Each structure stands twice: as structure tokens, then as C-alpha cells.
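Asker: Structure file work_7.csv (CSV, C-alpha atoms) right here:
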```csv
chain,number,residue,atom,x,y,z
A,1,MET,CA,140.4,152.9,240.5
A,2,SER,CA,138.7,150.3,238.4
A,3,ASN,CA,139.5,149.9,234.7
A,4,PRO,CA,136.8,151.6,232.6
A,5,VAL,CA,135.4,149.5,229.7
A,6,THR,CA,132.6,150.1,227.3
A,7,ALA,CA,129.4,148.1,227.3
A,8,THR,CA,130.3,146.0,224.3
A,9,ASN,CA,134.1,146.0,225.0
A,10,GLY,CA,135.5,146.7,221.6
A,11,ALA,CA,133.0,144.6,219.6
A,12,ARG,CA,133.3,144.8,215.8
A,13,PHE,CA,131.4,143.4,212.9
A,14,SER,CA,131.9,143.6,209.1
A,15,GLY,CA,129.0,143.2,206.7
A,16,ILE,CA,127.7,145.7,204.2
A,17,ALA,CA,129.2,148.2,206.5
A,18,THR,CA,131.7,148.0,209.4
A,19,VAL,CA,130.1,148.4,212.8
A,20,GLU,CA,132.4,148.9,215.7
A,21,ASP,CA,132.4,150.0,219.3
A,22,ALA,CA,133.9,153.4,219.1
A,23,GLY,CA,135.5,153.1,222.5
A,24,LEU,CA,135.4,155.2,225.6
A,25,GLN,CA,134.3,158.8,224.7
A,26,GLY,CA,134.0,161.7,227.1
A,27,MET,CA,130.6,163.2,226.8
A,28,ILE,CA,129.2,166.2,228.7
A,29,THR,CA,125.6,167.2,228.6
A,30,LEU,CA,125.3,171.0,228.7
A,31,ARG,CA,122.0,172.7,229.3
A,32,GLY,CA,121.6,176.4,229.2
A,33,ASP,CA,120.8,179.4,227.1
A,34,LEU,CA,122.5,178.6,223.8
A,35,SER,CA,122.5,182.3,222.7
A,36,SER,CA,124.6,183.3,225.7
A,37,LYS,CA,128.1,184.5,224.9
A,38,THR,CA,129.5,183.1,228.2
A,39,LEU,CA,128.2,179.7,227.3
A,40,ALA,CA,129.6,179.8,223.8
A,41,ALA,CA,133.0,180.8,225.2
A,42,ALA,CA,132.9,178.0,227.7
A,43,VAL,CA,132.0,175.5,224.9
A,44,LYS,CA,134.9,176.8,222.9
A,45,ALA,CA,137.3,176.5,225.8
A,46,ALA,CA,136.2,172.9,226.6
A,47,THR,CA,136.0,171.4,223.1
A,48,GLY,CA,137.7,173.8,220.7
A,49,ALA,CA,134.5,173.8,218.7
A,50,GLY,CA,132.1,176.7,218.0
A,51,MET,CA,128.5,176.9,218.8
A,52,PRO,CA,126.6,174.4,216.5
A,53,ALA,CA,123.7,175.5,214.5
A,54,ARG,CA,120.3,173.8,214.9
A,55,GLY,CA,120.6,170.1,213.9
A,56,LYS,CA,124.4,170.3,213.4
A,57,ILE,CA,127.6,169.2,215.0
A,58,GLU,CA,130.8,171.3,215.1
A,59,VAL,CA,133.8,169.0,215.1
A,60,ALA,CA,137.2,170.4,216.2
A,61,GLU,CA,140.5,168.7,217.0
A,62,GLY,CA,140.0,166.7,220.2
A,63,GLY,CA,136.4,167.7,220.7
A,64,ALA,CA,133.0,168.4,219.3
A,65,ALA,CA,129.8,170.2,220.2
A,66,ALA,CA,126.4,168.9,219.0
A,67,TRP,CA,123.0,170.5,219.0
A,68,MET,CA,120.6,168.3,221.0
A,69,SER,CA,117.6,170.6,221.6
A,70,PRO,CA,117.0,174.4,221.8
A,71,ASP,CA,118.6,174.4,225.3
A,72,GLU,CA,121.0,171.4,225.2
A,73,LEU,CA,124.3,170.6,223.8
A,74,LEU,CA,126.3,167.4,223.8
A,75,LEU,CA,130.0,168.0,224.2
A,76,LEU,CA,132.6,165.4,223.1
A,77,VAL,CA,135.9,165.5,224.8
A,78,PRO,CA,138.7,162.9,225.4
A,79,TYR,CA,137.5,160.4,227.9
A,80,GLY,CA,140.2,161.1,230.5
A,81,GLU,CA,139.5,164.8,230.5
A,82,ALA,CA,135.7,164.6,230.9
A,83,VAL,CA,135.7,165.0,234.7
A,84,ALA,CA,138.1,168.0,234.7
A,85,LYS,CA,136.3,169.6,231.7
A,86,THR,CA,132.9,169.3,233.4
A,87,ALA,CA,134.3,171.1,236.5
A,88,GLU,CA,135.9,173.8,234.2
A,89,LEU,CA,132.5,174.3,232.5
A,90,ALA,CA,130.7,174.6,235.8
A,91,GLU,CA,133.3,177.1,236.9
A,92,ALA,CA,133.0,179.1,233.7
A,93,LEU,CA,129.2,179.1,233.8
A,94,LYS,CA,128.9,180.4,237.4
A,95,GLY,CA,126.0,182.8,237.5
A,96,GLU,CA,124.5,181.5,234.3
A,97,HIS,CA,121.3,179.4,234.3
A,98,ALA,CA,123.2,176.4,233.0
A,99,LEU,CA,124.1,172.9,234.0
A,100,ALA,CA,127.0,170.7,232.9
A,101,ALA,CA,127.0,167.0,233.7
A,102,ASN,CA,129.5,164.3,232.8
A,103,VAL,CA,127.6,161.5,231.1
A,104,SER,CA,130.5,159.6,229.6
A,105,ASP,CA,129.8,156.4,231.4
A,106,ALA,CA,126.1,156.6,230.8
A,107,ARG,CA,126.4,156.3,227.0
A,108,SER,CA,127.5,153.8,224.4
A,109,PHE,CA,129.3,155.0,221.3
A,110,PHE,CA,129.4,153.3,217.9
A,111,ARG,CA,131.0,153.9,214.5
A,112,VAL,CA,129.4,152.7,211.3
A,113,SER,CA,131.6,153.1,208.2
A,114,GLY,CA,131.9,151.8,204.7
A,115,GLU,CA,129.8,151.6,201.6
A,116,GLY,CA,126.6,150.5,203.2
A,117,ALA,CA,126.7,152.8,206.3
A,118,ARG,CA,123.8,154.9,205.2
A,119,GLU,CA,121.7,151.9,204.5
A,120,VAL,CA,122.5,150.2,207.7
A,121,LEU,CA,121.1,153.2,209.7
A,122,ALA,CA,118.3,154.0,207.3
A,123,LYS,CA,116.9,150.5,207.8
A,124,ILE,CA,116.5,151.1,211.5
A,125,SER,CA,115.6,154.7,211.9
A,126,PRO,CA,112.9,157.0,210.5
A,127,VAL,CA,115.4,159.5,209.2
A,128,ASP,CA,115.9,160.6,205.6
A,129,LEU,CA,119.6,159.5,205.2
A,130,SER,CA,119.8,160.1,201.5
A,131,PRO,CA,123.1,161.8,200.5
A,132,ALA,CA,121.2,164.9,199.5
A,133,ALA,CA,119.3,165.2,202.8
A,134,PHE,CA,121.9,164.1,205.3
A,135,GLN,CA,125.4,165.4,204.9
A,136,ALA,CA,128.6,165.6,206.9
A,137,GLY,CA,128.1,167.8,209.9
A,138,ASP,CA,124.4,166.9,210.2
A,139,PHE,CA,123.3,165.7,213.6
A,140,ARG,CA,120.0,164.0,214.4
A,141,ARG,CA,118.3,162.7,217.5
A,142,SER,CA,115.9,160.0,216.6
A,143,ARG,CA,115.2,156.4,217.4
A,144,THR,CA,116.9,153.2,216.1
A,145,ALA,CA,114.4,150.3,216.2
A,146,GLN,CA,113.2,150.5,219.8
A,147,VAL,CA,115.7,152.8,221.4
A,148,ALA,CA,116.5,156.5,221.4
A,149,ALA,CA,119.7,157.4,219.6
A,150,ALA,CA,121.7,160.3,218.3
A,151,LEU,CA,123.6,160.0,215.1
A,152,TRP,CA,125.8,162.2,212.9
A,153,LEU,CA,128.0,161.9,209.8
A,154,GLN,CA,131.6,162.8,210.0
A,155,GLU,CA,133.6,164.3,207.1
A,156,ASP,CA,135.3,160.9,206.4
A,157,GLY,CA,131.9,159.3,205.6
A,158,ALA,CA,131.5,157.4,208.8
A,159,PHE,CA,128.4,157.6,211.0
A,160,TYR,CA,128.6,157.8,214.7
A,161,VAL,CA,125.8,156.6,216.9
A,162,VAL,CA,125.3,157.5,220.6
A,163,CYS,CA,122.8,155.7,222.8
A,164,PHE,CA,122.3,154.9,226.5
A,165,ARG,CA,124.8,152.5,227.8
A,166,SER,CA,122.0,150.3,229.2
A,167,VAL,CA,120.9,149.6,225.6
A,168,GLY,CA,124.5,149.4,224.3
A,169,ALA,CA,124.5,145.6,223.6
A,170,TYR,CA,121.0,145.9,222.0
A,171,MET,CA,122.4,148.7,219.7
A,172,PHE,CA,125.4,146.7,218.7
A,173,ASP,CA,123.2,143.6,217.9
A,174,LEU,CA,120.8,145.8,216.0
A,175,LEU,CA,123.5,147.4,213.9
A,176,LYS,CA,125.0,144.0,213.3
A,177,THR,CA,121.8,142.6,212.1
A,178,SER,CA,121.2,145.6,209.9
A,179,ALA,CA,124.7,145.3,208.4
A,180,HIS,CA,124.3,141.6,207.6
A,181,PRO,CA,126.3,140.8,204.4
A,182,GLN,CA,123.2,139.6,202.5
A,183,SER,CA,120.9,142.3,203.6
A,184,ALA,CA,121.9,145.0,201.1
A,185,VAL,CA,118.9,146.9,199.7
A,186,GLY,CA,120.8,149.2,197.4
A,187,VAL,CA,118.7,152.4,197.7
A,188,TYR,CA,121.6,154.8,198.3
B,1,MET,CA,101.5,157.9,208.7
B,2,LEU,CA,101.3,161.2,210.3
B,3,ILE,CA,104.3,163.5,209.7
B,4,LEU,CA,104.7,166.6,211.9
B,5,GLU,CA,107.4,169.2,211.7
B,6,CYS,CA,108.9,169.9,215.2
B,7,PRO,CA,108.9,173.7,215.5
B,8,TYR,CA,112.0,173.4,217.7
B,9,CYS,CA,114.3,171.1,215.7
B,10,GLY,CA,112.8,171.9,212.3
B,11,VAL,CA,112.8,168.1,211.8
B,12,LYS,CA,110.0,166.4,209.9
B,13,ALA,CA,109.3,163.7,212.4
B,14,GLU,CA,107.0,160.9,211.7
B,15,GLU,CA,104.6,159.4,214.2
B,16,THR,CA,107.0,156.8,215.8
B,17,GLU,CA,109.3,159.6,216.8
B,18,LEU,CA,106.6,161.5,218.6
B,19,ALA,CA,104.3,160.9,221.6
B,20,ALA,CA,100.7,162.1,221.5
B,21,GLY,CA,99.7,164.4,224.4
B,22,GLY,CA,96.0,164.7,223.9
B,23,GLU,CA,93.9,167.8,223.2
B,24,ALA,CA,95.5,171.2,223.1
B,25,HIS,CA,94.5,174.5,224.7
B,26,LEU,CA,92.7,173.0,227.7
B,27,LYS,CA,91.6,175.6,230.3
B,28,ARG,CA,92.4,174.3,233.7
B,29,PHE,CA,89.9,174.6,236.5
B,30,GLY,CA,91.3,173.8,239.9
B,31,PRO,CA,90.7,175.1,243.4
B,32,GLY,CA,87.9,177.7,243.5
B,33,SER,CA,86.0,176.4,240.5
B,34,ASN,CA,82.7,174.7,240.7
B,35,ASP,CA,82.1,171.0,240.2
B,36,ASP,CA,80.7,171.3,236.7
B,37,GLU,CA,83.7,173.3,235.5
B,38,PHE,CA,86.1,170.8,237.1
B,39,HIS,CA,84.2,167.9,235.6
B,40,ASP,CA,84.3,169.4,232.2
B,41,TYR,CA,88.0,170.1,232.5
B,42,LEU,CA,88.7,166.6,233.5
B,43,PHE,CA,86.5,164.6,231.3
B,44,MET,CA,85.0,166.5,228.4
B,45,ARG,CA,87.1,166.3,225.3
B,46,GLU,CA,86.5,167.3,221.7
B,47,ASN,CA,86.2,164.4,219.2
B,48,PRO,CA,85.8,166.3,215.9
B,49,LYS,CA,85.6,165.0,212.4
B,50,GLY,CA,87.8,167.7,210.8
B,51,VAL,CA,89.9,170.4,212.3
B,52,HIS,CA,91.6,169.5,215.5
B,53,PHE,CA,94.3,170.9,217.8
B,54,GLU,CA,96.6,168.5,219.6
B,55,ARG,CA,99.7,168.4,221.8
B,56,TRP,CA,102.6,166.3,220.7
B,57,ARG,CA,106.0,165.7,222.2
B,58,HIS,CA,109.1,165.1,220.1
B,59,ALA,CA,110.0,162.2,222.4
B,60,ASN,CA,112.7,160.5,220.3
B,61,GLY,CA,114.3,163.9,219.5
B,62,CYS,CA,114.6,167.2,221.3
B,63,GLY,CA,112.0,166.1,223.9
B,64,LYS,CA,110.0,169.3,223.6
B,65,TRP,CA,106.3,169.6,223.6
B,66,PHE,CA,104.6,171.4,220.8
B,67,HIS,CA,101.1,172.0,219.3
B,68,ALA,CA,99.8,170.7,216.0
B,69,ALA,CA,96.7,171.7,214.0
B,70,ARG,CA,95.5,168.9,211.7
B,71,CYS,CA,92.4,167.4,210.2
B,72,THR,CA,91.3,164.1,211.7
B,73,MET,CA,89.5,163.1,208.6
B,74,THR,CA,92.2,163.5,206.0
B,75,LEU,CA,95.3,163.5,208.2
B,76,GLU,CA,96.2,166.8,206.6
B,77,VAL,CA,98.5,168.8,208.8
B,78,PHE,CA,97.8,172.6,208.8
B,79,GLY,CA,100.9,173.4,210.9
B,80,THR,CA,102.7,173.1,214.1
B,81,TYR,CA,103.5,175.8,216.6
B,82,SER,CA,105.1,176.5,220.0
B,83,ALA,CA,103.7,175.0,223.2
B,84,GLN,CA,104.1,178.4,224.9
B,85,THR,CA,100.8,179.7,223.9
B,86,THR,CA,97.1,179.5,225.0
B,87,GLU,CA,95.6,179.8,221.5
B,88,PRO,CA,96.7,179.0,218.0
B,89,PRO,CA,98.6,181.8,216.3
B,90,GLN,CA,96.9,183.8,213.6
B,91,GLU,CA,99.1,182.4,210.9
B,92,ILE,CA,97.8,178.8,211.7
B,93,LYS,CA,94.2,180.0,211.9
B,94,ASP,CA,94.6,181.7,208.5
B,95,LYS,CA,96.0,178.5,207.0
B,96,ILE,CA,93.0,176.5,208.3
B,97,SER,CA,90.5,179.1,207.1
B,98,ALA,CA,92.0,178.9,203.6
B,99,LYS,CA,91.4,175.2,203.5
B,100,ARG,CA,88.4,174.7,205.7
B,101,PRO,CA,86.3,177.8,205.5
B,102,GLY,CA,83.8,178.1,208.4
B,103,TRP,CA,85.8,175.8,210.7
B,104,THR,CA,85.1,175.8,214.4
B,105,TRP,CA,86.8,174.2,217.4
B,106,ARG,CA,85.9,174.9,221.0
B,107,GLU,CA,86.0,178.7,221.2
B,108,PHE,CA,88.1,179.2,218.1
B,109,THR,CA,86.5,179.8,214.8
B,110,ASP,CA,87.1,180.9,211.3
B,111,GLY,CA,87.6,184.6,211.8
B,112,GLN,CA,86.4,185.5,208.3
B,113,LYS,CA,82.9,184.4,209.0
```
Could you take the file, read its structure, and then write that structure out as C-alpha cells?

Answerer:
Amino acid sequence: MSNPVTATNGARFSGIATVEDAGLQGMITLRGDLSSKTLAAAVKAATGAGMPARGKIEVAEGGAAAWMSPDELLLLVPYGEAVAKTAELAEALKGEHALAANVSDARSFFRVSGEGAREVLAKISPVDLSPAAFQAGDFRRSRTAQVAAALWLQEDGAFYVVCFRSVGAYMFDLLKTSAHPQSAVGVY
Amino acid sequence: MLILECPYCGVKAEETELAAGGEAHLKRFGPGSNDDEFHDYLFMRENPKGVHFERWRHANGCGKWFHAARCTMTLEVFGTYSAQTTEPPQEIKDKISAKRPGWTWREFTDGQK
């Protein structure tokens, strides 16, 4: 088997915030009826996280579940377990109108941390990222400059950004530019 | 800048996050209709100065289609609502009636008239 690597292969940049390739992350797209109890149980079994509310992410140890749309979740699991977990989900959801797909290798994953993290992202996306409006556990799909992205804020104050792998290098360069040491605006 | 609230996400999304989908509540005329009806369905669109109903898609977001009622003149948004409907809900119509008494758009009108 080939050795899996991320699109930006561990790239890292420090400016008004630290931007880093967050490494390989198992991601499973799950579509289905989010009010279904069977689905909620399957999500719990796969990630350890509960069903997220609209616009939220539920983080548990070793996994997370994020609300993508009224019929879609993004499940985060350890990279090595993604294939097995996807199969488990498919098995658990037999008979349900649902679909689980392993998209781990179709995505890029970044971590933006430090003082200026809010500002770095606020400069490139049309999202209100003020501390009052965007708090830990909030999850938002939007765009960053020219590409679609999903972002959330973790309890430790770091933002995580998910985008398509095909635009992974663009995303890193974009975050890097936005985090340039002399580019602080100082709004947050 | 136009800001619409996605009825599915509850997100106040601005224009760049959305994709415009043209006029709302078109009645489709396909096989079995006459040429005039088909012509009107294909080509005839409203171009109002004032109350207008449109389809929008939360493209950089949940990806769902929804409807929006707004004023083309002032960019005031009266409300957004689900795409799974063939006419604006009463609540939206009431909101428009409160602000634009006597409004009319295709077959929909201010009910209080």
C-alpha cells in the first residue's frame, strides 16, 4: 500500500496566527434523516459524539460529528479507522434511507491557532467571527476567498478548516497570506 | 449587499455565499400544453420595481434551495421560506402587505385589498 500524505504535507506558518496542516484526518460524509434514532445511535457508535444541533459540532474523544446541512453530517474519526467505520455505519444503517461515504482523502484539513486566529479567518470569509457571535462548538460552512470551506472553533481556541483536497495548497497559501505578521487589523 | 437568512441553516448569508436561481413559483408547461403557454413558461419573466419573489441557493453552505421575497427597489428583504412550496406562505404575504399595501406579483396580491 502507498504511504498516505496530505496535500500540503505538514506545512506550517507562523504570523499573527499559526497556520498548520492538521494532518491526515478520517472524514465520513453521512447523509440521511437526522431525526432518526437508528442514525443517531450509529453516529454515537462511530464517533462517540452525540447528534449535533443545527450549526454545531459535537466533539468527543477520538471523534466528532458536525452539522453540514439538514440531511448531512460530517463525521471525524481517526484516519486509520475511516474505512472500517464507514463499513460499520453502512451496516448499522441498513434499511434506513442513508448513505455513508469515506471522504478522508478528498479533503484537506488545517488548524489555525493563536491570538490572531479569528482575524485570519474573518479576513477571508463572510462570516461574523466576533467572540460573541462565533463560539467554541459553532460550525459553519461558507467560503474562504474563492473556495468552499467548513470551519469550527474548538474549546482550546483553535479554528479548524476543512476544504476539498484539490484546493488544499490554495487554502494553505490563502491562510498564510491572511496570517502575514504585518497584516494585523486588530478588530477582535 | 443583499443578506438573506437561509431557512435551513438559520445562517444570515450574504450574496457571495449564495447563488441566484431566478424567478420563483414558475408554473411549468410541458407536454400537452399549447405553444403560447410553453412560450410564456420559457421566456416570460417578471421584472418588477418593488415586490419580487426569487429562488436562491445556499451554494457555499448547506447547498439547499430556498425562496426569498424582497423589494427590488430598496433591497429590503421581507423574508425567506422553504423551497417546498408553490406559493408564498401567508406569514410572508402578511409581512409584505404590512410594508407594501396593495402589492401585486403575478397571481399573488395583497389579500387585504

Asker: Quick one: which residues from chain B are at most 7 Å off chain A, using all atoms listed in the file, as a PyMOL selection string?

Answerer: chain B and resi 8-9+17+60-62

Asker: Would you mind reading off the distance between atom CA of Glu88 of chain A and atom CA of Asn9 of chain A, one decimal, in Å?

Answerer: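 Taking atom CA of Glu88 of chain A and atom CA of Asn9 of chain A, their separation equals 29.3 Å.
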
Asker: One decimal, in Å: what's the spacing between atom CA of Glu20 of chain A and atom CA of Phe159 of chain A?

Answerer: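 Answer for the atom CA of Glu20 of chain A to atom CA of Phe159 of chain A separation: 10.7 Å.
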
Asker: Tell me which of A:Gly23, A:Gly62, A:Pro52, A:Gly32 sits closest to Ala90 of chain A, counting only C-alpha atoms.

Answerer: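 Of the candidates, the smallest distance to Ala90 of chain A is held by A:Gly32.
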
Asker: For Lys27 of chain B, which of B:Glu5, B:Asp110, B:Glu76, B:Asp40 is the closest residue, counting all atoms listed in the file?

Answerer: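 Under the stated criterion, the closest residue is B:Asp40.
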
Asker: Given the choices A:Ala64, A:Ala132, A:Ala49, A:Val112, which gets closest to Asp21 of chain A if the distance is worked out from only C-alpha atoms?

Answerer: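 Smallest distance to Asp21 of chain A is found for A:Val112.
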
Asker: Would you list the contacts of Met27 of chain A as a PyMOL selection string, taking every protein, DNA or RNA residue within 8 Å and counting all atoms listed in the file, but skipping same-chain residues closer than 5 positions in sequence?

Answerer: chain A and resi 74-77+79+82+102-104

Asker: I want to know what sits within 12 Å of Arg106 of chain B, based on only C-alpha atoms, with residues of the same chain fewer than 3 positions away left out; could you give that as a list in words?

Answerer: Glu23, Ala24, His25, Leu26, Lys27, Met44, Arg45, Glu46, Asn47, Pro48, Val51, His52, Phe53, Glu87, Pro88, Trp103, Thr109 and Asp110 of chain B

Asker: Taking all atoms listed in the file into account, name the residue in A:Leu24, A:Val43, A:Ile124, A:Leu151 that is nearest to Thr8 of chain A.

Answerer: A:Leu24

Asker: Give the answer as one residue: which of A:Ala92, A:Ala101, A:Leu39, A:Ala179 has the shortest atom-to-atom distance to Ala122 of chain A, using all atoms listed in the file?

Answerer: A:Ala179

Asker: Can you spit out segment 38-76 of chain B with N, CA and C atoms, as a PDB file, in the first residue's frame, from the structure just given?

Answerer:
```pdb
ATOM      1  N   PHE B  38     -46.302  27.347 -23.454  1.00  0.00           N
ATOM      2  CA  PHE B  38     -44.908  26.904 -23.386  1.00  0.00           C
ATOM      3  C   PHE B  38     -43.957  28.080 -23.596  1.00  0.00           C
ATOM      4  N   HIS B  39     -44.324  28.946 -24.531  1.00  0.00           N
ATOM      5  CA  HIS B  39     -43.521  30.145 -24.788  1.00  0.00           C
ATOM      6  C   HIS B  39     -43.453  31.022 -23.538  1.00  0.00           C
ATOM      7  N   ASP B  40     -44.605  31.242 -22.928  1.00  0.00           N
ATOM      8  CA  ASP B  40     -44.643  32.093 -21.737  1.00  0.00           C
ATOM      9  C   ASP B  40     -43.851  31.483 -20.588  1.00  0.00           C
ATOM     10  N   TYR B  41     -43.972  30.165 -20.463  1.00  0.00           N
ATOM     11  CA  TYR B  41     -43.233  29.489 -19.386  1.00  0.00           C
ATOM     12  C   TYR B  41     -41.727  29.610 -19.605  1.00  0.00           C
ATOM     13  N   LEU B  42     -41.312  29.494 -20.840  1.00  0.00           N
ATOM     14  CA  LEU B  42     -39.878  29.556 -21.124  1.00  0.00           C
ATOM     15  C   LEU B  42     -39.303  30.955 -21.036  1.00  0.00           C
ATOM     16  N   PHE B  43     -40.024  31.909 -21.582  1.00  0.00           N
ATOM     17  CA  PHE B  43     -39.409  33.231 -21.804  1.00  0.00           C
ATOM     18  C   PHE B  43     -39.964  34.381 -20.975  1.00  0.00           C
ATOM     19  N   MET B  44     -41.222  34.323 -20.585  1.00  0.00           N
ATOM     20  CA  MET B  44     -41.810  35.500 -19.952  1.00  0.00           C
ATOM     21  C   MET B  44     -41.497  35.538 -18.463  1.00  0.00           C
ATOM     22  N   ARG B  45     -40.738  36.569 -18.062  1.00  0.00           N
ATOM     23  CA  ARG B  45     -40.373  36.708 -16.659  1.00  0.00           C
ATOM     24  C   ARG B  45     -40.820  38.070 -16.149  1.00  0.00           C
ATOM     25  N   GLU B  46     -41.069  38.090 -14.865  1.00  0.00           N
ATOM     26  CA  GLU B  46     -41.425  39.350 -14.221  1.00  0.00           C
ATOM     27  C   GLU B  46     -40.171  40.215 -14.102  1.00  0.00           C
ATOM     28  N   ASN B  47     -40.355  41.513 -14.220  1.00  0.00           N
ATOM     29  CA  ASN B  47     -39.243  42.424 -13.998  1.00  0.00           C
ATOM     30  C   ASN B  47     -39.770  43.613 -13.212  1.00  0.00           C
ATOM     31  N   PRO B  48     -40.181  43.338 -11.972  1.00  0.00           N
ATOM     32  CA  PRO B  48     -40.902  44.368 -11.228  1.00  0.00           C
ATOM     33  C   PRO B  48     -39.991  45.397 -10.573  1.00  0.00           C
ATOM     34  N   LYS B  49     -40.567  46.561 -10.354  1.00  0.00           N
ATOM     35  CA  LYS B  49     -39.919  47.545  -9.498  1.00  0.00           C
ATOM     36  C   LYS B  49     -40.691  47.469  -8.194  1.00  0.00           C
ATOM     37  N   GLY B  50     -40.140  46.765  -7.232  1.00  0.00           N
ATOM     38  CA  GLY B  50     -40.846  46.568  -5.967  1.00  0.00           C
ATOM     39  C   GLY B  50     -40.805  45.121  -5.548  1.00  0.00           C
ATOM     40  N   VAL B  51     -41.946  44.623  -5.062  1.00  0.00           N
ATOM     41  CA  VAL B  51     -42.005  43.265  -4.504  1.00  0.00           C
ATOM     42  C   VAL B  51     -41.657  42.220  -5.561  1.00  0.00           C
ATOM     43  N   HIS B  52     -40.771  41.317  -5.178  1.00  0.00           N
ATOM     44  CA  HIS B  52     -40.350  40.270  -6.104  1.00  0.00           C
ATOM     45  C   HIS B  52     -40.078  38.988  -5.327  1.00  0.00           C
ATOM     46  N   PHE B  53     -40.334  37.856  -5.985  1.00  0.00           N
ATOM     47  CA  PHE B  53     -40.075  36.551  -5.367  1.00  0.00           C
ATOM     48  C   PHE B  53     -39.005  35.843  -6.184  1.00  0.00           C
ATOM     49  N   GLU B  54     -38.015  35.334  -5.497  1.00  0.00           N
ATOM     50  CA  GLU B  54     -36.895  34.720  -6.196  1.00  0.00           C
ATOM     51  C   GLU B  54     -36.493  33.394  -5.572  1.00  0.00           C
ATOM     52  N   ARG B  55     -35.762  32.599  -6.346  1.00  0.00           N
ATOM     53  CA  ARG B  55     -35.162  31.375  -5.834  1.00  0.00           C
ATOM     54  C   ARG B  55     -33.681  31.661  -5.599  1.00  0.00           C
ATOM     55  N   TRP B  56     -33.176  31.132  -4.496  1.00  0.00           N
ATOM     56  CA  TRP B  56     -31.768  31.276  -4.177  1.00  0.00           C
ATOM     57  C   TRP B  56     -31.241  29.937  -3.707  1.00  0.00           C
ATOM     58  N   ARG B  57     -29.969  29.745  -3.855  1.00  0.00           N
ATOM     59  CA  ARG B  57     -29.359  28.514  -3.367  1.00  0.00           C
ATOM     60  C   ARG B  57     -28.201  28.864  -2.448  1.00  0.00           C
ATOM     61  N   HIS B  58     -28.193  28.232  -1.281  1.00  0.00           N
ATOM     62  CA  HIS B  58     -27.105  28.483  -0.329  1.00  0.00           C
ATOM     63  C   HIS B  58     -25.892  27.664  -0.792  1.00  0.00           C
ATOM     64  N   ALA B  59     -25.266  28.119  -1.872  1.00  0.00           N
ATOM     65  CA  ALA B  59     -24.247  27.338  -2.567  1.00  0.00           C
ATOM     66  C   ALA B  59     -23.014  27.074  -1.699  1.00  0.00           C
ATOM     67  N   ASN B  60     -22.492  28.122  -1.069  1.00  0.00           N
ATOM     68  CA  ASN B  60     -21.340  27.934  -0.179  1.00  0.00           C
ATOM     69  C   ASN B  60     -21.849  27.749   1.247  1.00  0.00           C
ATOM     70  N   GLY B  61     -22.609  26.720   1.429  1.00  0.00           N
ATOM     71  CA  GLY B  61     -23.213  26.458   2.735  1.00  0.00           C
ATOM     72  C   GLY B  61     -23.895  25.132   2.657  1.00  0.00           C
ATOM     73  N   CYS B  62     -25.152  25.064   3.072  1.00  0.00           N
ATOM     74  CA  CYS B  62     -25.825  23.766   3.111  1.00  0.00           C
ATOM     75  C   CYS B  62     -26.172  23.245   1.730  1.00  0.00           C
ATOM     76  N   GLY B  63     -26.128  24.108   0.722  1.00  0.00           N
ATOM     77  CA  GLY B  63     -26.394  23.658  -0.639  1.00  0.00           C
ATOM     78  C   GLY B  63     -27.860  23.530  -0.987  1.00  0.00           C
ATOM     79  N   LYS B  64     -28.741  24.003  -0.093  1.00  0.00           N
ATOM     80  CA  LYS B  64     -30.179  23.858  -0.337  1.00  0.00           C
ATOM     81  C   LYS B  64     -30.744  25.078  -1.061  1.00  0.00           C
ATOM     82  N   TRP B  65     -31.806  24.807  -1.824  1.00  0.00           N
ATOM     83  CA  TRP B  65     -32.546  25.892  -2.480  1.00  0.00           C
ATOM     84  C   TRP B  65     -33.564  26.453  -1.508  1.00  0.00           C
ATOM     85  N   PHE B  66     -33.823  27.736  -1.604  1.00  0.00           N
ATOM     86  CA  PHE B  66     -34.916  28.319  -0.836  1.00  0.00           C
ATOM     87  C   PHE B  66     -35.505  29.492  -1.606  1.00  0.00           C
ATOM     88  N   HIS B  67     -36.591  30.035  -1.091  1.00  0.00           N
ATOM     89  CA  HIS B  67     -37.256  31.174  -1.723  1.00  0.00           C
ATOM     90  C   HIS B  67     -37.005  32.440  -0.917  1.00  0.00           C
ATOM     91  N   ALA B  68     -37.000  33.553  -1.593  1.00  0.00           N
ATOM     92  CA  ALA B  68     -36.859  34.829  -0.886  1.00  0.00           C
ATOM     93  C   ALA B  68     -37.852  35.828  -1.457  1.00  0.00           C
ATOM     94  N   ALA B  69     -38.440  36.619  -0.584  1.00  0.00           N
ATOM     95  CA  ALA B  69     -39.315  37.709  -1.011  1.00  0.00           C
ATOM     96  C   ALA B  69     -38.597  39.000  -0.688  1.00  0.00           C
ATOM     97  N   ARG B  70     -38.413  39.846  -1.683  1.00  0.00           N
ATOM     98  CA  ARG B  70     -37.692  41.081  -1.418  1.00  0.00           C
ATOM     99  C   ARG B  70     -38.177  42.189  -2.337  1.00  0.00           C
ATOM    100  N   CYS B  71     -37.693  43.393  -2.063  1.00  0.00           N
ATOM    101  CA  CYS B  71     -38.065  44.541  -2.869  1.00  0.00           C
ATOM    102  C   CYS B  71     -36.882  44.871  -3.776  1.00  0.00           C
ATOM    103  N   THR B  72     -37.115  44.919  -5.067  1.00  0.00           N
ATOM    104  CA  THR B  72     -36.014  45.162  -5.994  1.00  0.00           C
ATOM    105  C   THR B  72     -35.549  46.619  -5.954  1.00  0.00           C
ATOM    106  N   MET B  73     -36.396  47.477  -5.431  1.00  0.00           N
ATOM    107  CA  MET B  73     -36.063  48.897  -5.435  1.00  0.00           C
ATOM    108  C   MET B  73     -35.204  49.277  -4.228  1.00  0.00           C
ATOM    109  N   THR B  74     -35.586  48.762  -3.046  1.00  0.00           N
ATOM    110  CA  THR B  74     -34.883  49.160  -1.818  1.00  0.00           C
ATOM    111  C   THR B  74     -33.960  48.057  -1.294  1.00  0.00           C
ATOM    112  N   LEU B  75     -33.996  46.890  -1.912  1.00  0.00           N
ATOM    113  CA  LEU B  75     -33.244  45.710  -1.458  1.00  0.00           C
ATOM    114  C   LEU B  75     -33.719  45.215  -0.092  1.00  0.00           C
ATOM    115  N   GLU B  76     -34.874  45.720   0.338  1.00  0.00           N
ATOM    116  CA  GLU B  76     -35.426  45.237   1.603  1.00  0.00           C
ATOM    117  C   GLU B  76     -35.868  43.784   1.431  1.00  0.00           C
TER     118      GLU B  76
END
```
